[in-house]
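See below for the structure under consideration.
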Amino acid sequence: MVETPETTRETNDPRLSGAALSTRDLKAWFVSEVLPLEPELMQFLRHSWRHAPDIADLRQDIYVRVFEAAQAQIPNPAKPFVFTVARNLLIDRFRRERIIPIDGVPDLEEIDVASDAPLPDRSVIARDELRHLQAALDKLPPRCREAVLLRQVEGLTRREIAQRMGISELTVRAHLNDGTKLLINMLQDHSPATVVTP
Amino acid sequence: MTKGNEISSAPANANDAHARAVDWLLERRDSEAWNEQDEAKLDAWLAESSANLIAYWRAESGIQRTELLSALRPFRSQQASFSASRGVRWPFSKIAASALILALLGVTYVYFASPHYTTYATSVGGHKTLTLRDGSQIELNTNTVVRVAVNTDQRNVILDKGEAYFQVKHNPKRTFVVNVGAHRITDLGTKFLVRRSPGKVEVSLLEGLARFDAERETDKLGSLTLTPGDVAIATRDSLFVTRKPTAELASELSWRQGVLVFRHTTLAEAAGEFNRYNDQKLVIDDPAVARLEIRGTFRTADIALFARIARKALRLRLANRGDNIVITQ
């Protein structure tokens with residue numbers, strides 16, 4: 001396989017040694033089957049849970065539960081499992097918080113987790129992805145965007161970016177960090193409305 | 001920030017985990033000082049909680065998706081007569097700029113003392129500009145061979161293989177003729193692109209006029225006067241002309257800036273283009289994959305990056321076969 005050496009990393013989590021599945025398999029499954037569900041999952045969470053600042057934590061908890069269950073056995077297909085976990089987690093939370101959602105819980109029951117619409121044409125996906133990436137980029141603060149573009153598109157180093165932008169390397173690092181954090185959230189979630197500034 | 005913990009059973013706040021994950025990833029990617037101790041610290045952080053591990057995977061896959069950004073690289077077309085590679089516009093006068101850029105490109109200045117043909121060639125991935133004494137320029141693309149002979153009443157070029165862009169200083173007393181196999185292109189004050197591939201010659205006219213005489217082994221195939229936007233294609237026994245919008249012609253010249261521009265290009269065609277510029281080749285055996293359409297701008301040398309992007313954006317698989325990259329469903 002052709003891989004990006006700089007961003008690819010195999011994790012050796014000691015807790016997983018001896019398990020039937022290697023971390024590598026788990027990761028491959030998680031990245032290809034679970035993460036692509038994030039836009040739908042976030043839409044579901046936003047719809048069901050009114051307190052927006054909690055959403056990222058809810059997402060994280062769902063991922064952790066899914067991941068820990070998958071260590072024993074990988075659920076196949078992933079989608080109904082992920083949404084079942086999401087629903088159970090929300091029900092737990094509603095109980096604990098003693099919140100009765102104004103819209104009621106019916107949404108949770110009605111969500112059609114089994115439906116698996118056929119994937120759109122692949123060239124459409126690619127175009128959509130590019131458009132989405134461009135849109136996400138346009139939402140970054142200008143200096144962040146400039147730094148990210150110089151790094152990702154022009155392939156410059158921190159030092160070169162610092163020279164080009166007339167700022168210190170530390171500032172470049174901060175811009176790249178901020179820009180990348182925002183970009184990842186926008187990309188994974190696919191919905192710019194939930195951009196969370198750390 | 002502890003507020004998150006009241007509603008979350010996870011040890012860490014999700015935004016904090018995300019921020020830390022990005023810190024680690026970028027530090028590992030960008031820092032020149034990254035070492036084994038850092039690696040160990042990262043391992044320890046990942047082992048701390050499933051939340052950390054997942055935040056890291058999520059951030060990593062997000063960063064990989066931004067690789068598509070290189071396809072957004074703006075392509076500056078030829079309208080400005082000289083723009084350097086990497087898209088930097090030079091704020092100098094045209095003359096100073098051309099001199100500088102020719103120097104940067106490692107240009108061979110050609111002085112013709114004899115009417116004999118001199119051979120110039122580029123290797124795979126190569127790019128070279130020849131400047132004749134009269135100011136005419138011949139720009140050779142990858143894997144190209146030309147022979148040039150200039151005397152007092154004629155300027156003759158033979159394109160043996162590959163692709164070349166001609167910017168001719170017109171002189172009615174000194175014709176400028178490009179020979180490609182049996183075919184002949186005669187300048188009438190012009191800029192044109194000639195590409196020779198097995199069994200096919202393609203002439204695109206960008207400015208001015210040129211005459212194209214297409215020949216078979218024994219007789220004449222046809223003769224055409226080309227105007228800007230015309231693309232003449234001669235095969236072994238046919239000759240036809242299509243017209244292309246200026247923007248599309250400009251992207252056919254993007255190799256002059258070291259990039260490939262694809263608009264509604266099939267994966268097979270894109271792979272073919274990359275293969276012209278690289279010793280490493282892309283192989284697509286599956287016709288369904290070959291037909292997929294793409295769009296984007298890439299450096300001619302970025303063949304592996306292109307393959308990775310195809311994998312991610314089009315959900316394809318990559319495998320190595322020898323030095324080559326095989327793309328499959």
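Residue numbers start at 1 in each chain; chains themselves are named A, B, ... in the order of the structure tokens; ligands are numbered from 1 in the order shown.
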
For B:Leu292, please output as a PyMOL selection string all residues within 10 Å (counting only C-alpha atoms; exclusion window: fewer than 2 positions along the same chain). (chain A and resi 121-123) or (chain B and resi 264-269+287-290+294+310+314)

Listing only residues of chain B within 8 Å of chain A, what is the closest atom pair and its distance in Å (to one decimal) for each, using only C-alpha atoms, sorted by chain and residue number ascending, as JSON lines?
```
{"residue": "B:Gly4", "atom": "CA", "partner": "A:Asp54", "partner_atom": "CA", "distance": 6.9}
{"residue": "B:Ile7", "atom": "CA", "partner": "A:Arg93", "partner_atom": "CA", "distance": 7.4}
{"residue": "B:Ser8", "atom": "CA", "partner": "A:Asp57", "partner_atom": "CA", "distance": 6.5}
{"residue": "B:Ser9", "atom": "CA", "partner": "A:Asp61", "partner_atom": "CA", "distance": 7.3}
{"residue": "B:Ala10", "atom": "CA", "partner": "A:Asp61", "partner_atom": "CA", "distance": 6.2}
{"residue": "B:Asn13", "atom": "CA", "partner": "A:Asp57", "partner_atom": "CA", "distance": 6.3}
{"residue": "B:Ala14", "atom": "CA", "partner": "A:Asp57", "partner_atom": "CA", "distance": 4.9}
{"residue": "B:Asn15", "atom": "CA", "partner": "A:Pro198", "partner_atom": "CA", "distance": 6.1}
{"residue": "B:Asp16", "atom": "CA", "partner": "A:Pro198", "partner_atom": "CA", "distance": 7.2}
{"residue": "B:His18", "atom": "CA", "partner": "A:Lys181", "partner_atom": "CA", "distance": 7.4}
{"residue": "B:Ala19", "atom": "CA", "partner": "A:Lys181", "partner_atom": "CA", "distance": 6.6}
{"residue": "B:Val22", "atom": "CA", "partner": "A:Lys181", "partner_atom": "CA", "distance": 6.3}
{"residue": "B:Asp23", "atom": "CA", "partner": "A:Asn177", "partner_atom": "CA", "distance": 6.5}
{"residue": "B:Leu25", "atom": "CA", "partner": "A:Thr7", "partner_atom": "CA", "distance": 7.0}
{"residue": "B:Leu26", "atom": "CA", "partner": "A:Asn177", "partner_atom": "CA", "distance": 7.2}
{"residue": "B:Arg28", "atom": "CA", "partner": "A:Glu6", "partner_atom": "CA", "distance": 7.6}
{"residue": "B:Arg29", "atom": "CA", "partner": "A:Glu6", "partner_atom": "CA", "distance": 5.4}
{"residue": "B:Asp30", "atom": "CA", "partner": "A:Arg158", "partner_atom": "CA", "distance": 7.0}
{"residue": "B:Asp43", "atom": "CA", "partner": "A:Thr11", "partner_atom": "CA", "distance": 7.5}
{"residue": "B:Leu46", "atom": "CA", "partner": "A:Asp13", "partner_atom": "CA", "distance": 7.6}
{"residue": "B:Ala47", "atom": "CA", "partner": "A:Asp13", "partner_atom": "CA", "distance": 5.9}
{"residue": "B:Ser50", "atom": "CA", "partner": "A:Val64", "partner_atom": "CA", "distance": 6.0}
{"residue": "B:Ala51", "atom": "CA", "partner": "A:Val64", "partner_atom": "CA", "distance": 5.9}
{"residue": "B:Ile54", "atom": "CA", "partner": "A:Tyr63", "partner_atom": "CA", "distance": 7.3}
{"residue": "B:Ala55", "atom": "CA", "partner": "A:Gln60", "partner_atom": "CA", "distance": 7.9}
{"residue": "B:Trp57", "atom": "CA", "partner": "A:Val31", "partner_atom": "CA", "distance": 7.1}
{"residue": "B:Arg58", "atom": "CA", "partner": "A:Leu35", "partner_atom": "CA", "distance": 7.1}
{"residue": "B:Ala59", "atom": "CA", "partner": "A:Ile184", "partner_atom": "CA", "distance": 6.2}
{"residue": "B:Glu60", "atom": "CA", "partner": "A:Thr7", "partner_atom": "CA", "distance": 6.6}
{"residue": "B:Ser61", "atom": "CA", "partner": "A:Val31", "partner_atom": "CA", "distance": 7.0}
{"residue": "B:Gly62", "atom": "CA", "partner": "A:Ile184", "partner_atom": "CA", "distance": 4.9}
{"residue": "B:Ile63", "atom": "CA", "partner": "A:Ile184", "partner_atom": "CA", "distance": 6.6}
{"residue": "B:Gln64", "atom": "CA", "partner": "A:Thr7", "partner_atom": "CA", "distance": 7.3}
{"residue": "B:Arg65", "atom": "CA", "partner": "A:Leu187", "partner_atom": "CA", "distance": 7.8}
{"residue": "B:Thr66", "atom": "CA", "partner": "A:Leu133", "partner_atom": "CA", "distance": 7.2}
{"residue": "B:Glu67", "atom": "CA", "partner": "A:Gln152", "partner_atom": "CA", "distance": 6.9}
{"residue": "B:Leu68", "atom": "CA", "partner": "A:Leu130", "partner_atom": "CA", "distance": 6.9}
{"residue": "B:Leu69", "atom": "CA", "partner": "A:Val153", "partner_atom": "CA", "distance": 6.1}
{"residue": "B:Ser70", "atom": "CA", "partner": "A:Val153", "partner_atom": "CA", "distance": 4.7}
{"residue": "B:Leu72", "atom": "CA", "partner": "A:Leu130", "partner_atom": "CA", "distance": 7.8}
{"residue": "B:Arg73", "atom": "CA", "partner": "A:Val153", "partner_atom": "CA", "distance": 6.4}
{"residue": "B:Arg86", "atom": "CA", "partner": "A:Glu154", "partner_atom": "CA", "distance": 7.7}
{"residue": "B:Leu292", "atom": "CA", "partner": "A:Ser123", "partner_atom": "CA", "distance": 6.4}
{"residue": "B:Glu293", "atom": "CA", "partner": "A:Ser123", "partner_atom": "CA", "distance": 5.8}
{"residue": "B:Ile294", "atom": "CA", "partner": "A:Ser123", "partner_atom": "CA", "distance": 6.5}
{"residue": "B:Arg295", "atom": "CA", "partner": "A:Arg127", "partner_atom": "CA", "distance": 7.7}
{"residue": "B:Ala304", "atom": "CA", "partner": "A:Val2", "partner_atom": "CA", "distance": 7.3}
{"residue": "B:Arg308", "atom": "CA", "partner": "A:Val2", "partner_atom": "CA", "distance": 7.0}
{"residue": "B:Ala313", "atom": "CA", "partner": "A:Ala126", "partner_atom": "CA", "distance": 4.9}
{"residue": "B:Leu314", "atom": "CA", "partner": "A:Arg122", "partner_atom": "CA", "distance": 5.4}
{"residue": "B:Arg315", "atom": "CA", "partner": "A:Arg122", "partner_atom": "CA", "distance": 7.6}
{"residue": "B:Leu318", "atom": "CA", "partner": "A:Met1", "partner_atom": "CA", "distance": 5.8}
{"residue": "B:Ala319", "atom": "CA", "partner": "A:Met1", "partner_atom": "CA", "distance": 5.0}
{"residue": "B:Asn320", "atom": "CA", "partner": "A:Met1", "partner_atom": "CA", "distance": 6.2}
{"residue": "B:Ile325", "atom": "CA", "partner": "A:Val2", "partner_atom": "CA", "distance": 7.9}
```

As a check of understanding: the span from atom CA of B:Thr246 to atom CA of B:Val203 is 14.4 Å

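Between atom CA of A:Ala52 and atom CA of B:Glu48 the separation is 26.9 Å.
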
List every residue of stretch 299-327 of chain B that has an atom at most 12 Å from any atom of stretch 118-140 of chain B, giving for each one its closest atom pair and the distance in Å to one decimal, counting only C-alpha atoms, sorted by chain and then by ascending residue number, as a Markdown table.
```
| residue | atom | partner | partner_atom | distance |
| --- | --- | --- | --- | --- |
| B:Arg299 | CA | B:Gly125 | CA | 10.8 |
| B:Thr300 | CA | B:Gly125 | CA | 7.6 |
| B:Ala301 | CA | B:Gly125 | CA | 7.3 |
| B:Asp302 | CA | B:Gly125 | CA | 11.0 |
| B:Ile303 | CA | B:Gly125 | CA | 11.3 |
```

Selection to disk with N, CA and C atoms, as an mmCIF file, in the first residue's frame:
```cif
data_model
loop_
_atom_site.group_PDB
_atom_site.id
_atom_site.type_symbol
_atom_site.label_atom_id
_atom_site.label_comp_id
_atom_site.auth_asym_id
_atom_site.auth_seq_id
_atom_site.Cartn_x
_atom_site.Cartn_y
_atom_site.Cartn_z
ATOM 1 N N ARG B 299 0.913 18.623 -9.261
ATOM 2 C CA ARG B 299 2.253 18.720 -9.823
ATOM 3 C C ARG B 299 2.529 17.453 -10.624
ATOM 4 N N THR B 300 3.237 17.613 -11.720
ATOM 5 C CA THR B 300 3.475 16.441 -12.581
ATOM 6 C C THR B 300 4.201 15.325 -11.829
ATOM 7 N N ALA B 301 5.015 15.685 -10.833
ATOM 8 C CA ALA B 301 5.781 14.663 -10.120
ATOM 9 C C ALA B 301 4.991 13.995 -9.001
ATOM 10 N N ASP B 302 3.812 14.528 -8.683
ATOM 11 C CA ASP B 302 3.059 14.029 -7.523
ATOM 12 C C ASP B 302 2.220 12.798 -7.833
ATOM 13 N N ILE B 303 2.812 11.806 -8.447
ATOM 14 C CA ILE B 303 2.054 10.638 -8.883
ATOM 15 C C ILE B 303 1.534 9.823 -7.687
#
```

Atom CA of A:Pro36 to atom CA of B:Arg263, distance in Å rounded to a single decimal: 26.9 Å

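The shortest atom-to-atom distance to A:His51, with only C-alpha atoms taken into account, belongs to A:Phe94 out of A:Ala147, A:Glu160, A:Phe94, A:Glu33.
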